[in-house]
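File shown: target-v1.cif. Contents: mmCIF, C-alpha atoms.
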```cif
data_structure
loop_
_atom_site.label_atom_id
_atom_site.label_comp_id
_atom_site.auth_asym_id
_atom_site.auth_seq_id
_atom_site.Cartn_x
_atom_site.Cartn_y
_atom_site.Cartn_z
CA MET A 1 32.38 -6.93 -51.90
CA GLY A 2 31.06 -5.24 -48.76
CA VAL A 3 27.65 -5.80 -47.28
CA GLU A 4 25.18 -3.16 -48.45
CA GLU A 5 23.87 -0.81 -45.77
CA LYS A 6 20.90 1.54 -45.93
CA ASN A 7 19.82 4.15 -43.41
CA GLY A 8 16.34 5.57 -42.95
CA PRO A 9 14.23 7.39 -40.35
CA GLY A 10 14.43 5.17 -37.28
CA TYR A 11 16.23 2.22 -38.80
CA VAL A 12 19.38 0.90 -40.45
CA VAL A 13 19.40 -2.01 -42.91
CA ARG A 14 22.36 -4.21 -43.73
CA GLY A 15 22.65 -7.32 -45.87
CA GLU A 16 20.42 -9.29 -48.21
CA GLY A 17 18.16 -12.28 -47.77
CA VAL A 18 15.29 -13.12 -45.45
CA PRO A 19 14.50 -9.96 -43.43
CA VAL A 20 15.21 -9.89 -39.69
CA LEU A 21 13.54 -7.03 -37.80
CA MET A 22 15.34 -6.21 -34.54
CA LEU A 23 13.56 -4.27 -31.77
CA PRO A 24 15.61 -2.86 -28.86
CA GLY A 25 14.85 -2.49 -25.17
CA MET A 26 13.26 0.45 -23.39
CA GLU A 27 16.02 2.93 -24.28
CA GLY A 28 14.81 2.35 -27.82
CA CYS A 29 17.97 2.78 -29.92
CA LYS A 30 18.85 0.80 -33.02
CA GLU A 31 22.52 1.07 -32.05
CA PHE A 32 21.91 -1.67 -29.47
CA TRP A 33 22.02 -4.14 -32.38
CA ARG A 34 25.33 -3.07 -33.92
CA ASN A 35 26.91 -6.46 -33.19
CA GLN A 36 23.98 -8.26 -34.82
CA LEU A 37 24.16 -5.99 -37.87
CA GLU A 38 27.74 -7.17 -38.19
CA GLY A 39 27.18 -10.80 -37.23
CA LEU A 40 23.95 -11.70 -39.06
CA SER A 41 24.00 -9.59 -42.21
CA HIS A 42 26.11 -12.05 -44.19
CA ARG A 43 23.02 -14.31 -44.33
CA TYR A 44 20.03 -12.03 -43.68
CA ARG A 45 18.65 -8.59 -44.41
CA VAL A 46 18.97 -7.18 -40.91
CA VAL A 47 16.77 -4.21 -40.00
CA ALA A 48 17.77 -2.61 -36.68
CA CYS A 49 15.04 -0.26 -35.46
CA ASP A 50 14.53 2.58 -33.03
CA LEU A 51 11.40 2.48 -30.93
CA ALA A 52 8.85 5.18 -31.67
CA ARG A 53 9.40 8.35 -29.63
CA ARG A 54 5.98 9.13 -28.19
CA ARG A 55 4.73 11.70 -25.75
CA PRO A 56 3.50 10.02 -22.57
CA ALA A 57 -0.19 9.13 -22.66
CA LEU A 58 -2.26 7.01 -20.30
CA SER A 59 -3.88 5.44 -23.36
CA SER A 60 -0.59 4.04 -24.71
CA THR A 61 -0.41 0.29 -25.29
CA MET A 62 1.98 -2.17 -26.86
CA SER A 63 -0.19 -2.03 -29.98
CA ASP A 64 1.09 1.51 -30.58
CA TYR A 65 4.68 0.31 -30.66
CA ALA A 66 3.80 -2.69 -32.82
CA ALA A 67 2.12 -0.31 -35.28
CA ASP A 68 5.36 1.66 -35.60
CA ALA A 69 7.33 -1.52 -36.27
CA LEU A 70 4.84 -2.36 -39.01
CA ARG A 71 5.28 1.14 -40.41
CA ILE A 72 9.00 0.51 -40.79
CA MET A 73 8.33 -2.84 -42.45
CA ASP A 74 5.86 -1.21 -44.85
CA SER A 75 8.30 1.57 -45.71
CA LEU A 76 10.87 -1.07 -46.68
CA GLY A 77 8.36 -3.17 -48.61
CA LEU A 78 8.65 -6.09 -46.19
CA GLU A 79 5.55 -8.28 -46.17
CA LYS A 80 6.98 -10.58 -43.50
CA ALA A 81 10.06 -10.76 -41.29
CA ILE A 82 11.76 -12.76 -38.60
CA VAL A 83 11.23 -10.59 -35.51
CA VAL A 84 13.87 -10.35 -32.77
CA GLY A 85 13.03 -8.39 -29.62
CA GLU A 86 15.15 -7.55 -26.57
CA SER A 87 13.37 -6.86 -23.25
CA PHE A 88 10.73 -4.19 -24.06
CA GLY A 89 11.30 -4.97 -27.73
CA GLY A 90 10.44 -8.59 -26.93
CA MET A 91 7.07 -7.40 -25.67
CA VAL A 92 6.51 -5.56 -28.96
CA ALA A 93 7.54 -8.74 -30.78
CA GLN A 94 4.96 -10.77 -28.84
CA GLN A 95 2.28 -8.23 -29.78
CA LEU A 96 3.25 -8.58 -33.44
CA ALA A 97 3.18 -12.38 -33.31
CA ILE A 98 -0.21 -12.43 -31.58
CA ALA A 99 -2.06 -9.61 -33.34
CA HIS A 100 -0.27 -9.54 -36.71
CA ARG A 101 0.79 -13.14 -37.16
CA GLU A 102 0.59 -12.84 -40.95
CA ARG A 103 3.62 -10.46 -40.82
CA VAL A 104 5.88 -12.70 -38.69
CA LEU A 105 7.99 -15.57 -40.06
CA ALA A 106 9.68 -16.52 -36.79
CA LEU A 107 10.23 -15.03 -33.35
CA VAL A 108 13.29 -14.56 -31.12
CA LEU A 109 12.45 -13.30 -27.63
CA CYS A 110 15.53 -12.09 -25.75
CA ASN A 111 15.43 -11.50 -21.99
CA THR A 112 11.78 -10.52 -21.98
CA MET A 113 8.52 -11.35 -20.25
CA ASP A 114 4.85 -11.91 -20.99
CA ARG A 115 3.60 -9.69 -18.16
CA GLN A 116 5.09 -7.40 -15.54
CA ARG A 117 6.99 -9.37 -12.92
CA ARG A 118 9.01 -8.37 -9.86
CA GLY A 119 12.03 -10.40 -10.98
CA GLY A 120 14.92 -10.50 -8.56
CA PHE A 121 14.01 -7.40 -6.54
CA GLY A 122 14.09 -7.80 -2.77
CA LEU A 123 16.59 -7.47 0.09
CA ASN A 124 19.56 -8.55 -1.99
CA MET A 125 22.62 -7.34 -3.89
CA PHE A 126 20.71 -7.10 -7.19
CA THR A 127 18.39 -4.49 -5.70
CA LEU A 128 21.27 -2.55 -4.14
CA ALA A 129 23.27 -2.61 -7.38
CA THR A 130 20.17 -1.52 -9.34
CA LEU A 131 19.79 1.46 -7.00
CA VAL A 132 23.47 2.35 -7.50
CA HIS A 133 22.88 2.20 -11.27
CA GLN A 134 20.54 5.18 -10.93
CA PHE A 135 23.23 7.18 -9.07
CA ALA A 136 25.50 6.90 -12.12
CA PHE A 137 23.37 9.50 -13.90
CA LEU A 138 23.68 12.22 -11.26
CA PRO A 139 24.63 15.40 -13.15
CA PHE A 140 27.68 16.32 -11.08
CA LEU A 141 29.57 13.07 -11.76
CA SER A 142 32.39 12.90 -14.27
CA GLU A 143 32.30 10.34 -17.08
CA ALA A 144 35.10 8.38 -15.40
CA GLN A 145 33.06 8.23 -12.17
CA ARG A 146 29.97 7.08 -14.09
CA LYS A 147 31.96 4.30 -15.73
CA ARG A 148 33.38 3.12 -12.41
CA LEU A 149 29.92 3.03 -10.84
CA LEU A 150 28.41 1.13 -13.78
CA GLY A 151 31.35 -1.27 -13.76
CA TRP A 152 30.60 -2.02 -10.10
CA VAL A 153 26.92 -2.49 -10.96
CA GLY A 154 27.88 -5.00 -13.64
CA LYS A 155 30.11 -6.93 -11.25
CA HIS A 156 27.10 -7.35 -8.95
CA ARG A 157 24.63 -8.00 -11.81
CA GLY A 158 22.51 -4.94 -11.07
CA PHE A 159 19.62 -3.85 -13.29
CA ILE A 160 20.57 -4.64 -16.93
CA MET A 161 24.34 -4.96 -16.36
CA ASP A 162 26.41 -8.15 -16.16
CA PRO A 163 29.92 -9.25 -15.09
CA SER A 164 31.12 -10.13 -18.61
CA PRO A 165 34.05 -8.28 -20.25
CA GLY A 166 31.46 -6.92 -22.70
CA ASN A 167 29.85 -4.94 -19.88
CA ALA A 168 32.36 -2.17 -20.63
CA ASP A 169 30.86 -1.86 -24.13
CA LEU A 170 27.37 -1.79 -22.61
CA VAL A 171 28.45 1.02 -20.29
CA GLU A 172 29.62 3.05 -23.30
CA TYR A 173 26.31 2.38 -25.06
CA ILE A 174 24.25 3.39 -22.02
CA LEU A 175 26.21 6.59 -21.47
CA GLU A 176 25.73 7.57 -25.12
CA TYR A 177 22.17 6.38 -25.77
CA GLY A 178 20.57 5.44 -22.45
CA THR A 179 18.86 8.77 -21.90
CA ALA A 180 18.75 9.99 -25.51
CA CYS A 181 14.99 9.52 -25.89
CA GLY A 182 14.18 11.63 -22.85
CA PRO A 183 12.06 10.94 -19.74
CA GLY A 184 8.75 11.38 -21.57
CA CYS A 185 9.47 8.48 -23.91
CA TYR A 186 10.52 6.28 -21.00
CA LEU A 187 7.29 7.10 -19.20
CA ASP A 188 5.18 6.24 -22.21
CA ARG A 189 6.97 2.91 -22.63
CA MET A 190 6.49 2.15 -18.94
CA ILE A 191 2.77 2.84 -19.32
CA ALA A 192 2.53 0.50 -22.30
CA ALA A 193 4.61 -2.22 -20.63
CA GLY A 194 2.54 -2.02 -17.47
CA LYS A 195 -0.55 -3.08 -19.41
CA ILE A 196 0.75 -6.24 -21.09
CA ARG A 197 -1.03 -9.48 -20.27
CA PHE A 198 0.18 -11.91 -22.92
CA THR A 199 0.22 -15.00 -20.69
CA ASP A 200 -3.10 -16.48 -21.82
CA ARG A 201 -2.52 -15.48 -25.46
CA LEU A 202 0.89 -17.05 -25.97
CA GLU A 203 -0.65 -20.32 -27.12
CA SER A 204 -1.89 -18.50 -30.22
CA ILE A 205 1.66 -17.87 -31.43
CA SER A 206 2.04 -20.24 -34.36
CA VAL A 207 5.48 -19.38 -35.75
CA PRO A 208 8.81 -20.96 -34.73
CA THR A 209 9.97 -19.26 -31.54
CA LEU A 210 13.27 -19.08 -29.68
CA VAL A 211 13.35 -17.82 -26.08
CA LEU A 212 16.89 -16.60 -25.43
CA ARG A 213 18.18 -15.67 -21.98
CA GLY A 214 21.48 -14.48 -20.57
CA VAL A 215 22.31 -16.75 -17.63
CA GLU A 216 23.42 -13.76 -15.52
CA ASP A 217 20.17 -11.84 -16.08
CA ARG A 218 18.64 -10.89 -12.74
CA LEU A 219 15.89 -8.67 -14.16
CA VAL A 220 14.15 -11.55 -15.97
CA SER A 221 14.23 -14.68 -13.82
CA PRO A 222 14.93 -18.21 -15.12
CA GLY A 223 11.36 -19.14 -14.19
CA THR A 224 9.96 -16.37 -16.36
CA ALA A 225 11.91 -17.61 -19.38
CA VAL A 226 10.86 -21.21 -18.76
CA GLU A 227 7.20 -20.23 -18.39
CA LEU A 228 7.35 -18.05 -21.51
CA ALA A 229 8.79 -20.87 -23.59
CA GLY A 230 6.39 -23.41 -22.09
CA ARG A 231 3.31 -21.44 -23.10
CA ILE A 232 4.34 -20.96 -26.75
CA PRO A 233 3.72 -24.10 -28.82
CA GLY A 234 7.00 -25.68 -29.94
CA ALA A 235 9.18 -22.90 -28.55
CA GLN A 236 12.85 -23.66 -27.96
CA THR A 237 15.28 -22.06 -25.51
CA ALA A 238 18.89 -20.90 -25.66
CA LEU A 239 21.04 -19.87 -22.71
CA ILE A 240 23.94 -17.46 -23.13
CA ASP A 241 26.64 -18.20 -20.55
CA GLY A 242 28.26 -15.16 -19.00
CA GLY A 243 25.72 -12.73 -20.43
CA GLY A 244 23.04 -10.86 -18.56
CA HIS A 245 19.94 -8.91 -19.52
CA CYS A 246 21.69 -7.31 -22.50
CA CYS A 247 23.59 -10.39 -23.69
CA PRO A 248 23.17 -9.50 -27.40
CA HIS A 249 25.38 -6.51 -26.61
CA THR A 250 27.74 -7.92 -23.97
CA VAL A 251 28.22 -11.46 -25.32
CA PRO A 252 27.49 -10.93 -29.02
CA ARG A 253 29.39 -13.84 -30.51
CA ALA A 254 27.60 -16.49 -28.46
CA THR A 255 24.26 -14.72 -28.94
CA ASN A 256 24.70 -14.48 -32.70
CA GLU A 257 25.76 -18.12 -32.93
CA ALA A 258 22.71 -19.24 -30.96
CA ILE A 259 20.37 -17.24 -33.21
CA LEU A 260 22.07 -18.40 -36.42
CA ARG A 261 22.02 -22.08 -35.39
CA TRP A 262 18.35 -21.90 -34.46
CA LEU A 263 17.31 -20.07 -37.63
CA GLU A 264 19.10 -22.72 -39.69
CA ARG A 265 17.31 -25.49 -37.77
CA VAL A 266 13.89 -23.98 -38.45
CA GLY A 267 14.60 -23.50 -42.13
CA TYR A 268 15.68 -19.87 -42.38
#
```
What do you get writing this file as structure tokens?
Amino acid sequence: MGVEEKNGPGYVVRGEGVPVLMLPGMEGCKEFWRNQLEGLSHRYRVVACDLARRRPALSSTMSDYAADALRIMDSLGLEKAIVVGESFGGMVAQQLAIAHRERVLALVLCNTMDRQRRGGFGLNMFTLATLVHQFAFLPFLSEAQRKRLLGWVGKHRGFIMDPSPGNADLVEYILEYGTACGPGCYLDRMIAAGKIRFTDRLESISVPTLVLRGVEDRLVSPGTAVELAGRIPGAQTALIDGGGHCCPHTVPRATNEAILRWLERVGY
């Protein structure tokens, strides 16, 4: 018998069991989690979400995005869920765990941060490769040229790319979904992200927490992940060898195994 799947406005649900709400990065597309829908739904009710598409407003905060995640949970009748967040989605997940702790069973924070940090930017190859990443979206380039550029970016660990074989899949995802939300949505998310200051509030997170990081991530430094885990009571860490900032997409098997092992250890 196949695993049941349900689609709705801004989400896709697959599987049965304890619900797992999955929040993507700043591009905001549920399709980021397609490997987790496949790899986790034999044990859990996996809910892969889009981020809310909002017009840019100086008043926007992470609370606005958390409210939309709660709206999806309410529409599905989910009182509580394990919350998994990648990058920007990890910031939304922190907001949920801090401000709506009664709705969160456990927390998985993937390649994210508690406040805005400079990361690996400086006079280095990461910065150069990140700049080249932006060139890949120039309108006069062919798709083949875009793919070659983004492949080079991955080789040099620029922006969100990594040198794993799965980077080719990430390139396909970015070319299809990376700009789908439009510049206004990106701007609004940047405004909200620029305001986060979770550092002194992390100690209030009372649910089991896993801080997961791709070893090749240059956007979120090792120190950021260590500090994030150290400030959350009882938090554990998992490192994904070969994966970068988007390791759930580029190294899905190892990422899924790490999440599954940890959830089993904490009783889910």
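With distances restricted to all atoms listed in the file, A:Leu23 is the closest residue to Ala69 (chain A) from A:Leu105, A:Leu23, A:Cys110, A:Leu263.
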- Result set of the PyMOL selection byres ((chain A and resi 195) around 10) on the coordinates above, as a list in words: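 Output of the PyMOL selection byres ((chain A and resi 195) around 10): Ser59, Ser60, Thr61, Met62, Arg115, Gln116, Met190, Ile191, Ala192, Ala193, Gly194, Ile196, Arg197 and Phe198 of chain A.
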- Message: Just checking: using all atoms listed in the file, which residue out of A:Leu76, A:Ile240, A:Leu210, A:Val226 ends up closest to Cys49 (chain A)?
- Response: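 For Cys49 (chain A), the nearest of the given residues is A:Leu76.
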- Message: Translate the PyMOL selection byres ((chain A and resi 182) around 12) into a concrete residue list for this structure, as a PyMOL selection string.
- Response: chain A and resi 26-29+53-56+177-181+183-189
- Query: Hey, which of A:Ala97, A:Val84, A:Val251, A:Ile259 ends up closest to Asn167 (chain A)? Count all atoms listed in the file.
  - Reply: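 Nearest candidate to Asn167 (chain A) out of A:Ala97, A:Val84, A:Val251, A:Ile259: A:Val251.
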- Pick out the residues sitting within 9 Å of Leu170 (chain A), and hand them over as a list of chain:residue names; count all atoms listed in the file, and ignore anything fewer than 6 positions along from it in its own chain.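 Listed by chain and then number, they are A:Phe32, A:Met161, A:Cys246, A:His249, A:Thr250.
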- Message: Ranking A:Asp162, A:Asp50, A:Asp217, A:Asp169 by minimum distance to Ile72 (chain A) and counting all atoms listed in the file, which one comes first?
- Response: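 Distance minimum relative to Ile72 (chain A) lands on A:Asp50.
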- Selection result for the PyMOL selection byres ((chain A and resi 34) around 10) on this file, as an MDAnalysis selection string: chainID A and resid 12 30:33 35:39 48 248:249 252
- Query: How many Å lie between CA of Lys155 (chain A) and CA of Asp114 (chain A), rounded to one decimal?
  - Reply: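 Between CA of Lys155 (chain A) and CA of Asp114 (chain A) the gap is 27.5 Å.
Taking CA of Gly267 (chain A) and CA of Ser204 (chain A) as the two end points, the separation is 20.9 Å.
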- Message: Which residue is closest to Pro165 (chain A)? Choose from A:Thr199, A:Ala225, A:Arg103, A:Gly242 and count all atoms listed in the file.
- Response: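 The shortest atom-to-atom distance to Pro165 (chain A) comes from A:Gly242.
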- Task: For Gly230 (chain A), list every protein, DNA or RNA residue within 10 Å, evaluated using only C-alpha atoms, and leave out those in the same chain fewer than 6 positions away; present the list as number ranges by chain.
- Result: A: 202-203, 211, 224, 236-237
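The gap separating CA of Glu264 (chain A) from CA of Ala66 (chain A) is 26.1 Å, in Å to one decimal.
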- Query: From the list A:Ala99, A:Leu175, A:Val13, A:Ile160, which residue is nearest Ala144 (chain A) when using only C-alpha atoms?
  - Reply: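 Distance minimum relative to Ala144 (chain A) lands on A:Leu175.
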- Task: Would you list the contacts of Gly223 (chain A) as a list in words, taking every protein, DNA or RNA residue within 12 Å and counting only C-alpha atoms, but skipping same-chain residues closer than 2 positions in sequence?
- Result: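 My reading of the contact set: Asn111, Thr112, Met113, Asp114, Arg117, Arg118, Gly119, Gly120, Arg213, Val215, Asp217, Arg218, Leu219, Val220, Ser221, Ala225, Val226, Glu227, Leu228, Ala229 and Gly230 of chain A.
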At most 6 Å from (14.7, -8.8, -42.3), file frame, all atoms listed in the file: which residues, as a compact mmCIF listing (two decimals) with C-alpha atoms, keeping the file's coordinate frame?
```txt
# COMPACT_ATOMS: atom_id res chain seq x y z
CA VAL A 18 15.29 -13.12 -45.45
CA PRO A 19 14.50 -9.96 -43.43
CA VAL A 20 15.21 -9.89 -39.69
CA LEU A 21 13.54 -7.03 -37.80
CA ARG A 45 18.65 -8.59 -44.41
CA VAL A 46 18.97 -7.18 -40.91
CA VAL A 47 16.77 -4.21 -40.00
CA ALA A 81 10.06 -10.76 -41.29
```
- Task: Name the residues in contact with region 127-132 of chain A at a cut-off of 9 Å, using only C-alpha atoms, excluding same-chain residues fewer than 5 positions from it; report them as a PyMOL selection string.
- Result: chain A and resi 120-122+149-150+152-161
